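Have a look at upload-v4.cif below; it lists mmCIF, C-alpha atoms.
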```cif
data_entry
loop_
_atom_site.label_atom_id
_atom_site.label_comp_id
_atom_site.auth_asym_id
_atom_site.auth_seq_id
_atom_site.Cartn_x
_atom_site.Cartn_y
_atom_site.Cartn_z
CA MET H 1 0.00 0.00 0.00
CA THR H 2 1.32 3.47 -0.89
CA PRO H 3 2.14 5.52 2.23
CA GLU H 4 0.48 8.89 2.57
CA LEU H 5 2.38 11.89 1.24
CA THR H 6 1.94 14.88 3.54
CA ASN H 7 5.16 16.80 4.21
CA ILE H 8 7.22 18.13 1.32
CA LEU H 9 10.50 19.97 1.71
CA TYR H 10 11.23 22.26 -1.23
CA ILE H 11 14.83 23.45 -1.61
CA GLU H 12 14.92 26.36 -4.04
CA ASP H 13 16.76 29.69 -4.09
CA GLU H 14 14.44 31.58 -6.45
CA GLU H 15 11.93 33.40 -4.25
CA TYR H 16 9.03 33.69 -6.73
CA LEU H 17 9.23 30.03 -7.59
CA GLN H 18 9.39 29.15 -3.89
CA GLN H 19 6.19 31.05 -3.26
CA ILE H 20 4.20 29.83 -6.23
CA VAL H 21 5.18 26.21 -5.61
CA GLN H 22 4.26 26.49 -1.95
CA MET H 23 0.87 27.95 -2.90
CA ALA H 24 0.32 25.30 -5.54
CA LEU H 25 1.24 22.36 -3.34
CA GLU H 26 -0.67 23.59 -0.30
CA ARG H 27 -3.76 24.92 -2.03
CA VAL H 28 -4.15 22.52 -4.93
CA GLY H 29 -2.45 19.45 -3.45
CA GLY H 30 -3.28 19.82 0.23
CA PHE H 31 0.34 19.16 1.25
CA THR H 32 2.32 20.81 4.01
CA VAL H 33 5.36 22.52 2.48
CA HIS H 34 8.55 23.66 4.14
CA LEU H 35 10.84 25.97 2.15
CA CYS H 36 14.62 26.19 2.30
CA ILE H 37 16.76 28.51 0.19
CA GLY H 38 19.73 26.17 -0.01
CA GLY H 39 21.45 23.00 1.08
CA GLU H 40 22.89 24.31 4.33
CA GLN H 41 19.51 25.44 5.63
CA ALA H 42 17.87 22.22 4.47
CA LEU H 43 20.43 20.03 6.22
CA ALA H 44 20.01 22.04 9.41
CA GLU H 45 16.22 21.75 9.32
CA LEU H 46 15.73 18.18 8.09
CA ASP H 47 15.08 16.70 11.54
CA GLU H 48 12.73 19.47 12.55
CA PHE H 49 10.46 19.11 9.50
CA SER H 50 10.95 15.41 8.80
CA PRO H 51 9.76 15.45 5.18
CA ASP H 52 8.12 12.51 3.43
CA LEU H 53 9.52 13.82 0.14
CA ILE H 54 12.15 16.35 -0.90
CA LEU H 55 11.89 18.54 -4.00
CA LEU H 56 15.43 19.63 -4.77
CA ASP H 57 16.49 22.29 -7.26
CA VAL H 58 19.56 21.24 -9.23
CA ARG H 59 21.12 24.67 -9.64
CA LEU H 60 21.62 26.11 -6.18
CA PRO H 61 24.27 28.56 -4.95
CA LYS H 62 27.13 27.16 -2.82
CA MET H 63 26.10 23.47 -2.87
CA SER H 64 24.52 22.11 -6.04
CA GLY H 65 21.42 19.92 -5.86
CA PRO H 66 23.39 16.68 -6.38
CA GLU H 67 25.83 17.74 -3.63
CA VAL H 68 22.93 18.44 -1.28
CA LEU H 69 21.50 15.02 -2.05
CA GLU H 70 24.82 13.39 -1.14
CA GLU H 71 24.78 15.17 2.22
CA ILE H 72 21.14 14.30 2.88
CA ARG H 73 21.97 10.62 2.38
CA LYS H 74 24.53 10.87 5.21
CA CYS H 75 21.89 12.14 7.67
CA ALA H 76 20.46 9.47 9.97
CA GLY H 77 16.83 8.79 9.13
CA PHE H 78 17.04 10.31 5.64
CA GLU H 79 19.12 7.69 3.86
CA THR H 80 16.18 6.65 1.68
CA THR H 81 13.84 9.66 1.80
CA PRO H 82 12.55 10.08 -1.78
CA VAL H 83 14.06 13.05 -3.59
CA ILE H 84 12.80 14.57 -6.82
CA PHE H 85 15.16 16.90 -8.66
CA VAL H 86 13.71 19.97 -10.31
CA THR H 87 15.57 21.59 -13.16
CA ALA H 88 15.19 24.00 -16.04
CA SER H 89 17.71 21.96 -18.02
CA VAL H 90 16.31 20.27 -21.08
CA MET H 91 19.40 18.23 -21.98
CA ASP H 92 18.57 14.52 -21.98
CA GLU H 93 22.02 13.56 -20.68
CA ASP H 94 21.57 15.92 -17.71
CA LEU H 95 18.16 14.44 -16.89
CA ASP H 96 19.56 10.90 -17.05
CA ALA H 97 22.47 11.87 -14.80
CA TYR H 98 20.09 13.32 -12.19
CA ARG H 99 17.94 10.18 -12.27
CA ASN H 100 21.05 8.03 -11.83
CA SER H 101 22.30 10.05 -8.87
CA GLY H 102 19.74 8.65 -6.44
CA ALA H 103 16.66 10.77 -7.12
CA ILE H 104 13.38 8.96 -7.82
CA ASP H 105 12.60 11.27 -10.72
CA VAL H 106 13.17 14.68 -12.29
CA ILE H 107 10.56 17.38 -12.83
CA SER H 108 11.22 20.07 -15.42
CA LYS H 109 10.79 23.74 -14.69
CA PRO H 110 8.72 25.73 -15.30
CA PHE H 111 5.85 24.04 -13.47
CA ASP H 112 2.17 24.35 -14.15
CA PRO H 113 0.88 25.28 -10.68
CA MET H 114 -2.41 23.51 -11.34
CA LYS H 115 -0.73 20.23 -12.32
CA LEU H 116 2.35 20.04 -10.11
CA SER H 117 0.64 18.24 -7.22
CA ASP H 118 -0.71 15.52 -9.49
CA GLU H 119 2.69 15.08 -11.09
CA ILE H 120 4.29 14.62 -7.68
CA ARG H 121 1.58 12.19 -6.53
CA THR H 122 2.08 10.11 -9.68
CA ILE H 123 5.84 9.89 -9.07
CA TRP H 124 5.28 9.10 -5.38
CA LYS H 125 2.83 6.31 -6.18
CA ARG H 126 5.05 4.84 -8.89
CA HIS H 127 8.06 4.87 -6.55
CA HIS H 128 6.18 3.01 -3.81
CA ASP H 129 4.39 0.59 -6.10
CA VAL H 130 7.60 -0.76 -7.60
CA MET B 1 0.93 24.17 -19.86
CA SER B 2 -2.31 25.87 -18.85
CA ASP B 3 -2.28 29.62 -18.41
CA GLY B 4 -2.90 29.12 -14.70
CA GLY B 5 -6.00 31.29 -15.03
CA ASN B 6 -7.99 29.75 -12.20
CA PHE B 7 -4.96 29.51 -9.99
CA PHE B 8 -4.35 33.25 -10.19
CA ASP B 9 -7.96 34.14 -9.38
CA ASP B 10 -6.99 33.65 -5.75
CA ARG B 11 -6.11 36.97 -4.08
CA LYS B 12 -2.69 35.89 -2.77
CA ALA B 13 -1.72 34.21 -6.03
CA HIS B 14 -2.86 37.28 -7.97
CA ALA B 15 -0.70 39.53 -5.78
CA LEU B 16 2.28 37.23 -6.22
CA ARG B 17 1.83 37.31 -9.99
CA ALA B 18 1.65 41.12 -9.95
CA ALA B 19 4.92 41.24 -7.99
CA PHE B 20 6.50 38.78 -10.42
CA ILE B 21 5.48 40.95 -13.37
CA GLU B 22 7.24 43.93 -11.81
CA LYS B 23 10.33 41.79 -11.27
CA LEU B 24 10.17 40.56 -14.87
CA VAL B 25 10.22 44.16 -16.12
CA ASP B 26 13.24 44.88 -13.88
CA TRP B 27 15.01 41.78 -15.18
CA SER B 28 14.29 42.81 -18.76
CA LEU B 29 15.89 46.23 -18.20
CA TRP B 30 18.82 44.63 -16.43
CA LEU B 31 19.43 42.28 -19.36
CA GLU B 32 19.49 45.20 -21.78
CA LYS B 33 22.01 47.01 -19.57
CA GLU B 34 24.19 43.94 -19.19
CA THR B 35 24.20 43.39 -22.95
CA SER B 36 25.32 46.96 -23.57
CA ASN B 37 28.11 46.35 -21.02
CA ILE B 38 29.33 43.54 -23.27
CA GLU B 39 29.45 45.93 -26.19
CA THR B 40 31.52 48.47 -24.27
CA SER B 41 33.92 45.91 -22.78
CA SER B 42 34.30 43.72 -25.86
CA ASP B 43 38.11 44.04 -25.77
CA ASN B 44 38.26 42.56 -22.25
CA SER B 45 37.47 38.85 -22.54
CA ASP B 46 37.25 38.26 -18.75
CA ALA B 47 34.73 41.05 -18.36
CA VAL B 48 32.75 39.78 -21.36
CA THR B 49 32.63 36.28 -19.87
CA GLN B 50 31.39 37.67 -16.56
CA HIS B 51 28.62 39.60 -18.32
CA LEU B 52 27.68 36.53 -20.34
CA GLN B 53 27.56 34.39 -17.20
CA ALA B 54 25.32 36.94 -15.53
CA ILE B 55 23.02 36.92 -18.58
CA SER B 56 23.02 33.12 -18.61
CA GLU B 57 22.07 32.93 -14.91
CA LEU B 58 19.26 35.43 -15.19
CA THR B 59 17.81 33.94 -18.37
CA HIS B 60 17.96 30.50 -16.72
CA LYS B 61 15.92 31.94 -13.86
CA ILE B 62 13.39 33.55 -16.21
CA ALA B 63 13.12 30.37 -18.29
CA GLY B 64 12.39 28.35 -15.18
CA THR B 65 9.79 30.67 -13.68
CA ALA B 66 7.88 32.77 -16.22
CA ALA B 67 5.66 30.02 -17.61
CA SER B 68 4.56 29.10 -14.07
CA PHE B 69 3.11 32.61 -13.85
CA GLY B 70 1.34 32.29 -17.20
CA PHE B 71 4.07 33.59 -19.54
CA PRO B 72 5.16 30.56 -21.58
CA ILE B 73 6.66 32.40 -24.57
CA THR B 74 8.84 34.43 -22.23
CA SER B 75 10.14 31.18 -20.74
CA GLN B 76 10.84 29.76 -24.20
CA ASN B 77 12.66 32.85 -25.45
CA ALA B 78 14.64 33.17 -22.22
CA ALA B 79 15.76 29.55 -22.64
CA LYS B 80 16.96 30.35 -26.17
CA LEU B 81 18.90 33.35 -24.89
CA GLU B 82 20.40 31.21 -22.11
CA GLU B 83 21.56 28.67 -24.71
CA MET B 84 23.05 31.45 -26.81
CA SER B 85 24.97 32.97 -23.89
CA GLU B 86 26.20 29.52 -22.77
CA ARG B 87 27.39 28.82 -26.30
CA LEU B 88 29.33 32.10 -26.36
CA ILE B 89 30.88 31.35 -22.95
CA ASN B 90 31.97 27.92 -24.13
CA THR B 91 33.74 29.22 -27.24
CA ALA B 92 36.54 30.38 -24.88
CA ARG B 93 37.11 33.54 -26.91
CA ALA B 94 35.57 36.97 -26.93
CA PRO B 95 32.44 37.13 -29.09
CA ASN B 96 32.87 38.85 -32.43
CA SER B 97 30.78 41.81 -33.51
CA SER B 98 28.14 39.74 -35.31
CA GLU B 99 27.71 37.52 -32.24
CA ILE B 100 27.30 40.58 -30.03
CA THR B 101 24.77 42.01 -32.47
CA ALA B 102 22.83 38.74 -32.41
CA LEU B 103 22.90 38.75 -28.60
CA ILE B 104 21.58 42.32 -28.48
CA GLU B 105 18.81 41.42 -30.93
CA ASN B 106 17.82 38.40 -28.86
CA VAL B 107 17.74 40.42 -25.65
CA ALA B 108 15.58 43.02 -27.41
CA PHE B 109 13.31 40.24 -28.67
CA LEU B 110 12.96 38.83 -25.15
CA SER B 111 12.11 42.31 -23.82
CA GLN B 112 9.43 42.65 -26.50
CA THR B 113 8.07 39.22 -25.65
CA ILE B 114 7.86 40.13 -21.98
CA ALA B 115 6.10 43.41 -22.76
CA ARG B 116 3.64 41.65 -25.08
CA GLU B 117 2.89 38.75 -22.71
CA ILE B 118 2.43 40.82 -19.57
CA SER B 119 0.30 43.52 -21.20
CA PRO B 120 -3.07 41.67 -20.83
CA ALA B 121 -2.18 40.86 -17.21
CA THR B 122 -1.40 44.47 -16.38
CA ALA B 123 -4.31 46.01 -18.33
#
```

Re-express the file's structure as structure tokens.
Amino acid sequence: MTPELTNILYIEDEEYLQQIVQMALERVGGFTVHLCIGGEQALAELDEFSPDLILLDVRLPKMSGPEVLEEIRKCAGFETTPVIFVTASVMDEDLDAYRNSGAIDVISKPFDPMKLSDEIRTIWKRHHDV
Amino acid sequence: MSDGGNFFDDRKAHALRAAFIEKLVDWSLWLEKETSNIETSSDNSDAVTQHLQAISELTHKIAGTAASFGFPITSQNAAKLEEMSERLINTARAPNSSEITALIENVAFLSQTIAREISPATA
């Protein structure tokens, strides 16, 4: 049975995208969303928020998304927390590399705020049904 | 992608979109200024690369956000400009005059696209 998806951590440095995604996921999807502007903040707040799922921007200042994922995997209790990369890159080789780096899937920016929640639920269900 | 019409009927979402539109106009002006900086510093390849990187970063940001606020053509044209600036960075030489002209034209085209796409939203 697929576990319930409630808490989503979104790691993104672009403030307008942060806000619209939070609105979309909370209002349309009914999720609880916690925002972090980068890897350092996210790693410091992981325990406090205890996300079911992490949405992780690939292109972040200081630590890149893949670097943040590596650090998350070292944190006790978050070794297998599902992570979805989000990226504006359209290069197929980049998308494959992100999928192979331990994320369960990749979502392309820009998002449709009305459809993002469904897209995430579909990925979540597929990940747990396998 | 839908135009997010229903989504932006909400008061908070509408206000966020209005703030984003203002930011988009600022970004458009900034891109024009940064492109003219390339023209004036074309004999300094380090400075040119820095300007191109700044253009690439901002167009990446616009490409990844604008369509979420209902401006899909702006996202598409910003992505094209990002590709163009990345290509110029990766040539490892200062762009020649025709490349700079093409960059200026593409920035102008993106500015026009932004003005055209946001006009119904600001009317």

- prompt: What are the residues of chain B that have an atom within 12 Å of an atom of chain H, counting all atoms listed in the file, as number ranges by chain?
  reply: B: 1-8, 10-24, 57-76, 78-80, 82-83

query: Expressed in Å to a single decimal, how great is the separation between CA of Glu67 in chain H and CA of Ile107 in chain H?
result: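 Between CA of Glu67 in chain H and CA of Ile107 in chain H the gap is 17.8 Å.
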
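Distance-wise, CA of Ala42 in chain H and CA of Arg126 in chain H end up 25.4 Å apart.
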
query: Hey, what comes out of the PyMOL selection byres ((chain H and resi 104) around 10) on this file? Could you write it as number ranges by chain?
result: H: 81-85, 98-103, 105-106, 123-124, 126-127

Just write the chosen residues, C-alpha atoms, as a compact mmCIF listing (two decimals), in the frame of the given file.
```txt
# COMPACT_ATOMS: atom_id res chain seq x y z
CA THR H 81 13.84 9.66 1.80
CA PRO H 82 12.55 10.08 -1.78
CA VAL H 83 14.06 13.05 -3.59
CA ILE H 84 12.80 14.57 -6.82
CA PHE H 85 15.16 16.90 -8.66
CA TYR H 98 20.09 13.32 -12.19
CA ARG H 99 17.94 10.18 -12.27
CA ASN H 100 21.05 8.03 -11.83
CA SER H 101 22.30 10.05 -8.87
CA GLY H 102 19.74 8.65 -6.44
CA ALA H 103 16.66 10.77 -7.12
CA ASP H 105 12.60 11.27 -10.72
CA VAL H 106 13.17 14.68 -12.29
CA ILE H 123 5.84 9.89 -9.07
CA TRP H 124 5.28 9.10 -5.38
CA ARG H 126 5.05 4.84 -8.89
CA HIS H 127 8.06 4.87 -6.55
```

Can you write out as a tab-separated table which residues of range 74-94 of chain B fall within 9 Å of range 29-46 of chain B, alongside each residue's closest atom pair and its distance in Å to one decimal, counting only C-alpha atoms and ordering rows by chain and ascending residue number?
```
residue	atom	partner	partner_atom	distance
B:Ala92	CA	B:Ser45	CA	8.8
B:Arg93	CA	B:Ser45	CA	6.9
B:Ala94	CA	B:Ser45	CA	5.1
```

Writing out the chosen residues with C-alpha atoms as a compact mmCIF listing (two decimals), in the coordinates of the input:
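Writing the result to selection00.txt gives the following:
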```
# COMPACT_ATOMS: atom_id res chain seq x y z
CA ALA B 92 36.54 30.38 -24.88
CA ARG B 93 37.11 33.54 -26.91
CA ALA B 94 35.57 36.97 -26.93
```

field: Length of the CA of Arg121 in chain H to CA of Asp57 in chain H vector [Å]
entry: 18.0 Å

query: Contacts of Gly30 in chain H at 12 Å or less, counting only C-alpha atoms, minus same-chain residues fewer than 3 places along, as a list in words?
result: Glu4, Leu5, Thr6, Asn7, Ile8, Gln22, Met23, Ala24, Leu25, Glu26, Arg27, Val33, Leu116, Ser117, Asp118 and Arg121 of chain H

Please complete range 12-42 of chain B so it has N, CA and C atoms, and hand it over as a PDB file, keeping the file's coordinate frame.
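This went into selection_27.pdb:
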```pdb
ATOM      1  N   LYS B  12      -4.130  35.960  -3.063  1.00  0.00           N
ATOM      2  CA  LYS B  12      -2.690  35.890  -2.770  1.00  0.00           C
ATOM      3  C   LYS B  12      -1.880  35.538  -4.017  1.00  0.00           C
ATOM      4  N   ALA B  13      -2.419  34.619  -4.813  1.00  0.00           N
ATOM      5  CA  ALA B  13      -1.720  34.210  -6.030  1.00  0.00           C
ATOM      6  C   ALA B  13      -1.686  35.374  -7.029  1.00  0.00           C
ATOM      7  N   HIS B  14      -2.781  36.108  -7.080  1.00  0.00           N
ATOM      8  CA  HIS B  14      -2.860  37.280  -7.970  1.00  0.00           C
ATOM      9  C   HIS B  14      -1.810  38.321  -7.571  1.00  0.00           C
ATOM     10  N   ALA B  15      -1.682  38.549  -6.275  1.00  0.00           N
ATOM     11  CA  ALA B  15      -0.700  39.530  -5.780  1.00  0.00           C
ATOM     12  C   ALA B  15       0.722  39.069  -6.080  1.00  0.00           C
ATOM     13  N   LEU B  16       0.947  37.771  -5.932  1.00  0.00           N
ATOM     14  CA  LEU B  16       2.280  37.230  -6.220  1.00  0.00           C
ATOM     15  C   LEU B  16       2.609  37.404  -7.706  1.00  0.00           C
ATOM     16  N   ARG B  17       1.610  37.155  -8.549  1.00  0.00           N
ATOM     17  CA  ARG B  17       1.830  37.310  -9.990  1.00  0.00           C
ATOM     18  C   ARG B  17       2.132  38.772 -10.340  1.00  0.00           C
ATOM     19  N   ALA B  18       1.418  39.685  -9.693  1.00  0.00           N
ATOM     20  CA  ALA B  18       1.650  41.120  -9.950  1.00  0.00           C
ATOM     21  C   ALA B  18       3.084  41.494  -9.556  1.00  0.00           C
ATOM     22  N   ALA B  19       3.542  40.956  -8.427  1.00  0.00           N
ATOM     23  CA  ALA B  19       4.920  41.240  -7.990  1.00  0.00           C
ATOM     24  C   ALA B  19       5.928  40.619  -8.962  1.00  0.00           C
ATOM     25  N   PHE B  20       5.602  39.443  -9.454  1.00  0.00           N
ATOM     26  CA  PHE B  20       6.500  38.780 -10.420  1.00  0.00           C
ATOM     27  C   PHE B  20       6.593  39.600 -11.708  1.00  0.00           C
ATOM     28  N   ILE B  21       5.479  40.138 -12.146  1.00  0.00           N
ATOM     29  CA  ILE B  21       5.480  40.950 -13.370  1.00  0.00           C
ATOM     30  C   ILE B  21       6.413  42.153 -13.217  1.00  0.00           C
ATOM     31  N   GLU B  22       6.341  42.789 -12.057  1.00  0.00           N
ATOM     32  CA  GLU B  22       7.240  43.930 -11.810  1.00  0.00           C
ATOM     33  C   GLU B  22       8.699  43.484 -11.873  1.00  0.00           C
ATOM     34  N   LYS B  23       8.957  42.325 -11.276  1.00  0.00           N
ATOM     35  CA  LYS B  23      10.330  41.790 -11.270  1.00  0.00           C
ATOM     36  C   LYS B  23      10.783  41.457 -12.698  1.00  0.00           C
ATOM     37  N   LEU B  24       9.858  40.921 -13.481  1.00  0.00           N
ATOM     38  CA  LEU B  24      10.170  40.560 -14.870  1.00  0.00           C
ATOM     39  C   LEU B  24      10.579  41.805 -15.675  1.00  0.00           C
ATOM     40  N   VAL B  25       9.888  42.898 -15.437  1.00  0.00           N
ATOM     41  CA  VAL B  25      10.220  44.160 -16.120  1.00  0.00           C
ATOM     42  C   VAL B  25      11.621  44.620 -15.689  1.00  0.00           C
ATOM     43  N   ASP B  26      11.897  44.515 -14.382  1.00  0.00           N
ATOM     44  CA  ASP B  26      13.240  44.880 -13.880  1.00  0.00           C
ATOM     45  C   ASP B  26      14.312  44.008 -14.535  1.00  0.00           C
ATOM     46  N   TRP B  27      14.037  42.716 -14.593  1.00  0.00           N
ATOM     47  CA  TRP B  27      15.010  41.780 -15.180  1.00  0.00           C
ATOM     48  C   TRP B  27      15.256  42.107 -16.646  1.00  0.00           C
ATOM     49  N   SER B  28      14.186  42.471 -17.343  1.00  0.00           N
ATOM     50  CA  SER B  28      14.290  42.810 -18.760  1.00  0.00           C
ATOM     51  C   SER B  28      15.225  44.016 -18.949  1.00  0.00           C
ATOM     52  N   LEU B  29      15.034  45.030 -18.119  1.00  0.00           N
ATOM     53  CA  LEU B  29      15.890  46.230 -18.200  1.00  0.00           C
ATOM     54  C   LEU B  29      17.335  45.890 -17.848  1.00  0.00           C
ATOM     55  N   TRP B  30      17.480  45.031 -16.857  1.00  0.00           N
ATOM     56  CA  TRP B  30      18.820  44.630 -16.430  1.00  0.00           C
ATOM     57  C   TRP B  30      19.551  43.884 -17.547  1.00  0.00           C
ATOM     58  N   LEU B  31      18.821  43.031 -18.252  1.00  0.00           N
ATOM     59  CA  LEU B  31      19.430  42.280 -19.360  1.00  0.00           C
ATOM     60  C   LEU B  31      19.912  43.228 -20.464  1.00  0.00           C
ATOM     61  N   GLU B  32      19.103  44.237 -20.745  1.00  0.00           N
ATOM     62  CA  GLU B  32      19.490  45.200 -21.780  1.00  0.00           C
ATOM     63  C   GLU B  32      20.769  45.941 -21.370  1.00  0.00           C
ATOM     64  N   LYS B  33      20.831  46.292 -20.067  1.00  0.00           N
ATOM     65  CA  LYS B  33      22.010  47.010 -19.570  1.00  0.00           C
ATOM     66  C   LYS B  33      23.246  46.104 -19.630  1.00  0.00           C
ATOM     67  N   GLU B  34      23.057  44.872 -19.215  1.00  0.00           N
ATOM     68  CA  GLU B  34      24.190  43.940 -19.190  1.00  0.00           C
ATOM     69  C   GLU B  34      24.699  43.665 -20.602  1.00  0.00           C
ATOM     70  N   THR B  35      23.789  43.621 -21.559  1.00  0.00           N
ATOM     71  CA  THR B  35      24.200  43.390 -22.950  1.00  0.00           C
ATOM     72  C   THR B  35      24.987  44.591 -23.482  1.00  0.00           C
ATOM     73  N   SER B  36      24.563  45.786 -23.099  1.00  0.00           N
ATOM     74  CA  SER B  36      25.320  46.960 -23.570  1.00  0.00           C
ATOM     75  C   SER B  36      26.687  47.002 -22.900  1.00  0.00           C
ATOM     76  N   ASN B  37      26.795  46.441 -21.679  1.00  0.00           N
ATOM     77  CA  ASN B  37      28.110  46.350 -21.020  1.00  0.00           C
ATOM     78  C   ASN B  37      29.056  45.449 -21.826  1.00  0.00           C
ATOM     79  N   ILE B  38      28.491  44.422 -22.445  1.00  0.00           N
ATOM     80  CA  ILE B  38      29.330  43.540 -23.270  1.00  0.00           C
ATOM     81  C   ILE B  38      29.883  44.314 -24.460  1.00  0.00           C
ATOM     82  N   GLU B  39      29.030  45.123 -25.033  1.00  0.00           N
ATOM     83  CA  GLU B  39      29.450  45.930 -26.190  1.00  0.00           C
ATOM     84  C   GLU B  39      30.625  46.849 -25.812  1.00  0.00           C
ATOM     85  N   THR B  40      30.496  47.485 -24.641  1.00  0.00           N
ATOM     86  CA  THR B  40      31.520  48.470 -24.270  1.00  0.00           C
ATOM     87  C   THR B  40      32.793  47.818 -23.730  1.00  0.00           C
ATOM     88  N   SER B  41      32.704  46.559 -23.320  1.00  0.00           N
ATOM     89  CA  SER B  41      33.920  45.910 -22.780  1.00  0.00           C
ATOM     90  C   SER B  41      34.370  44.761 -23.677  1.00  0.00           C
ATOM     91  N   SER B  42      34.053  44.850 -24.958  1.00  0.00           N
ATOM     92  CA  SER B  42      34.300  43.720 -25.860  1.00  0.00           C
ATOM     93  C   SER B  42      35.792  43.393 -26.034  1.00  0.00           C
TER      94      SER B  42
END
```
